[in-house]
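Peer 1: Below is the structure I would like to discuss, written out as structure tokens.
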Amino acid sequence: MKEISKNNIDSIDIKGFQDDLLCWFQAEQRDLPWRKDQDPYKVWVSEIMLQQTRVDTVIPYFHRFIEQFPTIKDLSEAKEEKVLKAWEGLGYYSRARNLQAAVREVHEKYGGKVPDTPKEISSLKGVGPYTAGAILSIAYGIPEPAVDGNVMRVLSRILSIWDDIAKPSTRKVFEAAVRKLISHENPSHFNQALMELGALICTPTSPSCLLCPVREHCTAFHEGTQLELPIKTKTKKQRNVQLAAAVLADNQGRILIHKRPEKGLLANLWEFPMVEINLAYVSEKEQMKDAFHTEYGAKIEIDEMTGQIEHVFSHLTWNINVYKGKIISVVKEEADLKLVTLEEIKEFPFPVSHQKMFKQFLDSKV
DNA sequence: CATACGTGGAT
DNA sequence: TATCCAAGTAT
């Protein structure tokens with residue numbers, strides 16, 4: 001059935017395809033803040049923020065980030081905590097830390113100029129095949145593929161490519177296709193147009209084929225297979241973790257916060273102390289007092305539960321029972337543990353789940 | 001290669 | 001409500 005369709009890369013009218021695509025992009029492209037100029041730094045920041053993240057979500061973050069860190073030098077010299085605070089709520093926080101590390105490398109090793117070769121730019125932390133191609137093409141006009149989810153969806157339909165786009169190896173198939181199709185006159189607009197088409201017209205569930213500028217070049221449109229493509233296998237389901245957290249105050253009303261480890265989930269963000277709960281055990285409050293003593297060296301008193309938080313990540317779910325309590329003593333006063341006032345707490349980067357937790361705590365006081 | 005890594009919006 | 005997702009990368 002599917003074998004009937006050839007991958008039409010060799011029969012497609014490449015020049016006609018490029019012209020139709022580029023003409024459409026020229027007329028219909030969205031007015032986005034990172035399209036104001038081609039500053040490689042701003043292109044870079046936008047591409048990192050846009051990884052697995054919607055345009056509408058990114059826009060306000062991009063404005064604030066560029067205002068706070070306008071240049072490579074500014075970001076290089078910033079405290080990591082400030083960078084994470086600027087990233088707070090965007091998710092995938094290693095992006096922010098990798099971006100700063102890479103920007104520092106560019107500042108020191110390349111005199112502040114973002115490198116313009118595939119080899120050099122790909123060696124930077126957080127810059128993978130997609131981002132390397134995006135920066136090279138958009139900022140420097142170099143004809144490199146920038147294959148993201150949009151491009152795979154669009155080209156799977158146009159060229160009738162039935163490979164499973166969930167498999168990492170499949171990206172290479174699309175990169176090879178882009179190398180044949182890309183406009184050498186305008187690689188920047190070509191790559192952006194492919195993505196823009198995926199975002200505006202060639203959407204996952206209901207593509208607007210009748211509005212598509214390249215439908216006459218599209219195998220799927222001719223064969224009516226646009227709703228079957230791309231092929232993407234299911235991901236497996238995630239696990240649950242039961243947790244208990246506590247917003248703990250000392251006798252001056254200061255709150256105890258904890259800095260998460262530098263690797264792994266929500267690395268280097270701050271949180272309210274939290275412990276995993278073992279179901280078949282003594283009461284939750286007793287379990288918490290024990291665990292808080294072991295983990296944080298804190299002697300505490302747990303008062304009432306102020307709420308519950310369910311937080312769904314891409315790969316797991318946190319179910320958190322949130323308590324309020326008092327600090328009797330903190331033995332382990334180290335760098336990852338701080339007592340802060342309600343005013344100071346605003347300066348620290350928290351995951352969204354803990355922002356919600358803090359709101360519940362404030363509400364419970366009135 | 002498969003899995004970890006966040007979040008909020010769409011259907 | 002459940003599922004999938006949105007301009008991916010590191011390990």
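Going through the structure tokens in order, the chains are called A, B, and so on, while each chain numbers its residues from 1 and the ligands are numbered from 1 in the order shown.
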Quick one: contact table of chain B to chain C, 10 Å max, nearest atom pair and distance in Å to one decimal per residue, counting only C-alpha atoms (C1' of nucleotides), chain and number order, as a Markdown table?
Peer 2:
```
| residue | atom | partner | partner_atom | distance |
| --- | --- | --- | --- | --- |
| B:DT3 | C1' | C:DT11 | C1' | 9.0 |
| B:DA4 | C1' | C:DT11 | C1' | 8.9 |
| B:DC5 | C1' | C:DT9 | C1' | 9.2 |
| B:DG9 | C1' | C:DC5 | C1' | 8.9 |
| B:DA10 | C1' | C:DC5 | C1' | 8.3 |
| B:DT11 | C1' | C:DC4 | C1' | 8.9 |
```
Peer 1: Could the residues of chain A that have an atom at most 10 Å from chain C be listed as a tab-separated table, each with its closest atom pair and the distance in Å to one decimal, counting only C-alpha atoms (C1' of nucleotides) and ordered by chain and ascending residue number?
Peer 2:
```
residue	atom	partner	partner_atom	distance
A:Ser46	CA	C:DA7	C1'	8.8
A:Glu47	CA	C:DA7	C1'	6.4
A:Ile48	CA	C:DA7	C1'	8.5
A:Met49	CA	C:DA7	C1'	8.6
A:Leu50	CA	C:DA7	C1'	5.1
A:Gln51	CA	C:DG8	C1'	5.5
A:Gln52	CA	C:DA6	C1'	4.5
A:Thr53	CA	C:DA6	C1'	4.4
A:Arg54	CA	C:DA6	C1'	4.7
A:Val55	CA	C:DA6	C1'	7.9
A:Thr57	CA	C:DA6	C1'	9.7
A:Ser94	CA	C:DT9	C1'	9.5
A:Arg95	CA	C:DT9	C1'	8.5
A:Lys125	CA	C:DT9	C1'	8.9
A:Gly126	CA	C:DT9	C1'	6.0
A:Val127	CA	C:DT9	C1'	7.3
A:Gly128	CA	C:DT9	C1'	6.0
A:Pro129	CA	C:DG8	C1'	8.7
A:Tyr130	CA	C:DG8	C1'	7.2
A:Thr131	CA	C:DG8	C1'	8.1
A:Ala134	CA	C:DA7	C1'	8.8
A:Ala146	CA	C:DA7	C1'	9.1
A:Val147	CA	C:DA7	C1'	9.0
A:Asp148	CA	C:DA7	C1'	6.3
A:Gly149	CA	C:DA7	C1'	7.8
A:Asn150	CA	C:DA7	C1'	7.6
A:Val151	CA	C:DA7	C1'	9.4
A:Gln192	CA	C:DA7	C1'	8.9
A:Met195	CA	C:DA7	C1'	7.0
A:Glu196	CA	C:DA7	C1'	9.1
A:Ala199	CA	C:DA7	C1'	9.3
A:Pro204	CA	C:DC5	C1'	9.3
A:Lys234	CA	C:DC4	C1'	9.5
A:Thr235	CA	C:DC4	C1'	9.9
```
Peer 1: If you measure from CA of Asn186 in chain A to CA of Ile142 in chain A, what distance in Å do you get, rounded to one decimal?
Peer 2: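 That distance, rounded to one decimal, is 8.6 Å.
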Peer 1: In Å, how far is it from CA of Pro40 in chain A to CA of Gln68 in chain A?
Peer 2: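 Taking CA of Pro40 in chain A and CA of Gln68 in chain A, their separation equals 17.0 Å.
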Peer 1: Any idea which chain A residues end up within 6 Å of chain B if we count only C-alpha atoms (C1' of nucleotides), as a list in words please?
Peer 2: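 Listing them in order of chain and number gives Gly91, Tyr92 and Phe313 of chain A.
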Peer 1: One decimal, in Å: what's the spacing between CA of His217 in chain A and CA of Ile161 in chain A?
Peer 2: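 That distance, rounded to one decimal, is 14.0 Å.
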